[in-house]
Structure formats: C-alpha cells, structure tokens
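File shown: final_30.txt. Contents: compact mmCIF, C-alpha atoms.
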# COMPACT_ATOMS: atom_id res chain seq x y z
CA MET A 1 -36.37 -16.57 62.10
CA SER A 2 -38.15 -17.90 59.06
CA LEU A 3 -36.83 -19.84 56.15
CA ASP A 4 -36.03 -17.90 53.01
CA VAL A 5 -38.47 -19.76 50.75
CA SER A 6 -38.07 -19.23 47.02
CA PRO A 7 -41.16 -18.61 44.90
CA ALA A 8 -40.55 -21.95 43.14
CA LEU A 9 -40.46 -23.86 46.43
CA LEU A 10 -43.56 -22.08 47.67
CA GLU A 11 -45.32 -22.96 44.42
CA GLN A 12 -44.29 -26.60 44.92
CA ALA A 13 -45.84 -26.55 48.40
CA GLU A 14 -49.03 -24.97 47.10
CA ARG A 15 -49.36 -27.71 44.45
CA GLY A 16 -48.89 -30.54 46.94
CA GLU A 17 -45.85 -32.56 47.89
CA VAL A 18 -42.48 -30.84 48.20
CA ASP A 19 -39.27 -32.46 47.04
CA GLU A 20 -37.29 -33.04 50.23
CA ALA A 21 -33.99 -32.20 48.53
CA ASP A 22 -35.39 -28.77 47.66
CA PHE A 23 -36.56 -28.30 51.24
CA VAL A 24 -33.15 -29.36 52.60
CA ASP A 25 -31.47 -26.87 50.28
CA CYS A 26 -33.82 -24.15 51.58
CA VAL A 27 -32.85 -25.04 55.16
CA ARG A 28 -29.14 -25.07 54.25
CA THR A 29 -29.24 -21.62 52.70
CA SER A 30 -31.69 -20.08 55.20
CA LEU A 31 -30.00 -21.34 58.37
CA PRO A 32 -26.28 -21.46 57.49
CA TYR A 33 -24.98 -21.36 61.07
CA ALA A 34 -27.23 -24.24 62.17
CA TRP A 35 -26.46 -26.19 59.00
CA GLU A 36 -22.71 -25.77 59.45
CA MET A 37 -22.96 -26.74 63.12
CA VAL A 38 -24.72 -30.01 62.34
CA SER A 39 -22.54 -30.67 59.30
CA SER A 40 -19.33 -30.22 61.30
CA LEU A 41 -20.61 -32.45 64.10
CA VAL A 42 -21.49 -35.17 61.59
CA ALA A 43 -17.97 -34.94 60.16
CA GLN A 44 -16.49 -35.05 63.67
CA LEU A 45 -18.55 -38.15 64.49
CA LYS A 46 -17.34 -39.88 61.32
CA VAL A 47 -13.69 -39.05 62.05
CA ASP A 48 -13.65 -39.64 65.80
CA GLY A 49 -16.25 -42.39 66.02
CA GLY A 50 -17.85 -42.94 69.39
CA ALA A 51 -21.41 -42.69 70.59
CA PHE A 52 -21.94 -39.03 69.67
CA ALA A 53 -20.37 -35.68 68.81
CA ASP A 54 -21.56 -32.47 70.42
CA ASN A 55 -20.99 -28.75 70.49
CA GLN A 56 -20.58 -26.91 73.78
CA THR A 57 -19.54 -23.51 72.42
CA PRO A 58 -22.24 -20.84 72.57
CA PRO A 59 -23.25 -19.26 69.25
CA PRO A 60 -21.41 -16.04 68.38
CA ASP A 61 -24.57 -13.91 68.33
CA GLU A 62 -28.34 -13.94 68.70
CA GLN A 63 -28.91 -14.52 64.98
CA ALA A 64 -26.87 -17.73 65.13
CA ARG A 65 -28.64 -18.81 68.32
CA GLY A 66 -31.98 -18.20 66.61
CA GLN A 67 -30.93 -20.40 63.70
CA LEU A 68 -30.15 -23.28 66.04
CA LEU A 69 -33.44 -22.88 67.84
CA ARG A 70 -35.37 -22.73 64.56
CA ALA A 71 -33.62 -25.78 63.10
CA LEU A 72 -34.02 -27.96 66.14
CA ALA A 73 -37.44 -26.82 67.35
CA SER A 74 -39.17 -27.42 64.02
CA ASP A 75 -40.15 -31.06 63.54
CA ALA A 76 -40.04 -30.66 59.75
CA ILE A 77 -36.60 -29.02 59.67
CA ARG A 78 -35.09 -31.30 62.28
CA GLY A 79 -36.49 -34.40 60.59
CA ALA A 80 -35.23 -33.35 57.17
CA MET A 81 -31.76 -32.65 58.56
CA GLN A 82 -31.69 -36.01 60.35
CA ARG A 83 -32.66 -37.85 57.17
CA HIS A 84 -30.20 -35.85 55.06
CA PHE A 85 -27.24 -36.47 57.37
CA GLY A 86 -28.30 -39.96 58.49
CA VAL A 87 -28.10 -39.13 62.19
CA ARG A 88 -30.30 -38.42 65.19
CA LEU A 89 -30.12 -34.90 66.61
CA ALA A 90 -30.35 -33.98 70.27
CA PHE A 91 -30.46 -30.51 71.80
CA GLN A 92 -29.89 -29.02 75.24
CA ASN A 93 -29.99 -25.37 76.28
CA CYS A 94 -29.46 -22.76 73.63
CA HIS A 95 -26.44 -24.25 71.94
CA ARG A 96 -25.57 -27.80 72.95
CA VAL A 97 -26.32 -29.76 69.81
CA ALA A 98 -25.35 -33.41 69.53
CA VAL A 99 -25.43 -35.88 66.66
CA PHE A 100 -25.87 -39.58 67.28
CA PRO A 101 -25.51 -42.36 64.72
CA LEU A 102 -28.63 -44.27 63.75
CA ASP A 103 -26.99 -47.40 65.21
CA SER A 104 -29.10 -48.77 68.06
CA SER A 105 -25.94 -49.51 70.07
CA VAL A 106 -25.93 -45.85 71.20
CA ASP A 107 -29.59 -45.76 72.25
CA GLU A 108 -28.69 -45.84 75.95
CA THR A 109 -26.26 -42.94 75.52
CA LEU A 110 -28.89 -40.94 73.62
CA THR A 111 -31.45 -41.66 76.32
CA LYS A 112 -29.02 -40.42 78.97
CA PHE A 113 -28.16 -37.29 76.94
CA THR A 114 -31.82 -36.38 76.52
CA SER A 115 -32.87 -37.28 80.06
CA VAL A 116 -34.31 -34.87 82.59
CA ARG A 117 -31.25 -35.50 84.76
CA SER A 118 -28.83 -34.53 81.99
CA GLN A 119 -30.88 -31.45 81.17
CA LEU A 120 -30.70 -30.30 84.79
CA LEU A 121 -26.99 -31.05 85.07
CA ASN A 122 -26.32 -29.03 81.92
CA GLN A 123 -27.70 -25.81 83.42
CA SER A 124 -25.65 -22.84 84.51
CA PRO A 125 -26.49 -19.27 85.57
CA GLU A 126 -24.84 -17.75 82.47
CA LEU A 127 -27.16 -19.77 80.22
CA ARG A 128 -30.35 -18.82 82.04
CA ASP A 129 -31.46 -16.25 79.45
CA CYS A 130 -29.81 -17.67 76.39
This structure in structure tokens:
Amino acid sequence: MSLDVSPALLEQAERGEVDEADFVDCVRTSLPYAWEMVSSLVAQLKVDGGAFADNQTPPPDEQARGQLLRALASDAIRGAMQRHFGVRLAFQNCHRVAVFPLDSSVDETLTKFTSVRSQLLNQSPELRDC
C-alpha cells in the first residue's frame, strides 16, 4: 500500500526538502486505519497514564492490516508519526502496536516489549499468516 501523494507534495519532494507537516497530513489521509490506531493509543496513554498503551485487537481486514504494516515498517512514516505524536512506537506481529512516552523512565519496559523473548511469547498459531 502506497501513500496517496498529491501533485503538490510530489513537487515539493522533487524541489528538495519536504515540509514534515505536509508529509504527516499525507500519512494521515493515506493510512487512516493506522493513523487512528496510533492516535487512539496516544489518547489512551494520556488518559490512563502508565508505561505504555497497546492494541491487541486484530485489524478488521487485510487493507487495515496493510496500513499498519506500511506505517510501522517505513522508517520515514514511523519517524514522522513518532515526532508528530511525541511518542515512541513499538510493533509486534501484524497488529500489536504500542505507544510509549518519550520519558526515559519507561526505557526498561520498552526494551522488554521489543525483546526477542516478548516477540516469541506473543506468537500464536492463528497469527502465523497474518
């Protein structure tokens, strides 16, 4: 799944530097499921507090799953979303997205979440081909 890049944004890129706000808006409109997922987790983290907020509900369809994969697998998209929301993003499997505050007090929790051990423990047969 590609981003839906407007001619004006493409022209910006061809000229040189791209305004990050314009890129973020492109991500928001191109990947609405992924954007809403991250946005809702950021809101949950702000309301509930704690070390992180995560989603454990599989996407409703393959298009939504593709949006999550695109958003979190692309360094540029992921980085722009992290800067926009002021969080660190973590990802396991095909749908488990987590947001962590930038506060270094949660570094150990983030390290555990993104560890090989946690990745293995988060596997299940029904997710094998997700």
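With CA of Thr57 (chain A) on one side and CA of Val24 (chain A) on the other, the separation reads 24.7 Å.
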Can you tell me, as number ranges by chain, what residues are no more than 8 Å from region 26-36 of chain A when counting all atoms listed in the file, ignoring any on the same chain fewer than 6 positions away?
A: 2-6, 64, 67-68, 71, 77
Name the residues within 8 Å of (-26.9, -32.1, 69.2), counting all atoms listed in the file in the file's coordinates, and put them as a list in words.
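Every residue inside that radius is included here: Val38, Ala53, Asp54, Asn55, Leu89, Ala90, Phe91, Gln92, Arg96, Val97, Ala98, Val99 and Phe100 of chain A.
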Counting all atoms listed in the file, which of A:Leu10, A:Ala80, A:Met37, A:Ala73 gets nearest to Pro59 (chain A)?
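Comparing A:Leu10, A:Ala80, A:Met37, A:Ala73 against Pro59 (chain A), the winner is A:Met37.
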Given the choices A:Phe23, A:Asn93, A:Arg117, A:Lys46, which gets closest to Gly79 (chain A) if the distance is worked out from only C-alpha atoms?
A:Phe23
I'd like the interatomic distance between CA of Gln82 (chain A) and CA of Gln63 (chain A), to a tenth of an Å.
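Calculated distance between CA of Gln82 (chain A) and CA of Gln63 (chain A) is 22.2 Å.
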Sphere at (-27.9, -43.3, 58.2), radius 12 Å, counting all atoms listed in the file: residues as a PyMOL selection string:
chain A and resi 42+46+81-88+99-104
Just the number, please: distance in Å from CA of Pro7 (chain A) to CA of Arg65 (chain A), one decimal.
26.6 Å
Box time for region 87-103 of chain A: axis-aligned, enclosing all its listed atoms, 6 Å extra on each side; report centre and edge lengths in Å to one decimal, as AutoDock Vina command-line options.
--center_x -27.9 --center_y -35.1 --center_z 69.2 --size_x 17.1 --size_y 36.6 --size_z 26.1
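Distances here use all atoms listed in the file; by that measure, the residue among A:Gly49, A:Leu41, A:Asp19, A:Leu9 closest to Val106 (chain A) is A:Gly49.
Proximity ranking of A:Glu11, A:Asp75, A:Asp25, A:Glu108 relative to Ala51 (chain A) places A:Glu108 first, based on only C-alpha atoms.
Among the candidates A:Ser39, A:Gln56, A:Gln12, A:Gln44, the residue lying nearest to His95 (chain A) is A:Gln56 (atoms considered: all atoms listed in the file).
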Hey, which of A:Val47, A:Glu62, A:Phe52, A:Glu17 ends up closest to Ser105 (chain A)? Count only C-alpha atoms.
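The shortest atom-to-atom distance to Ser105 (chain A) comes from A:Phe52.
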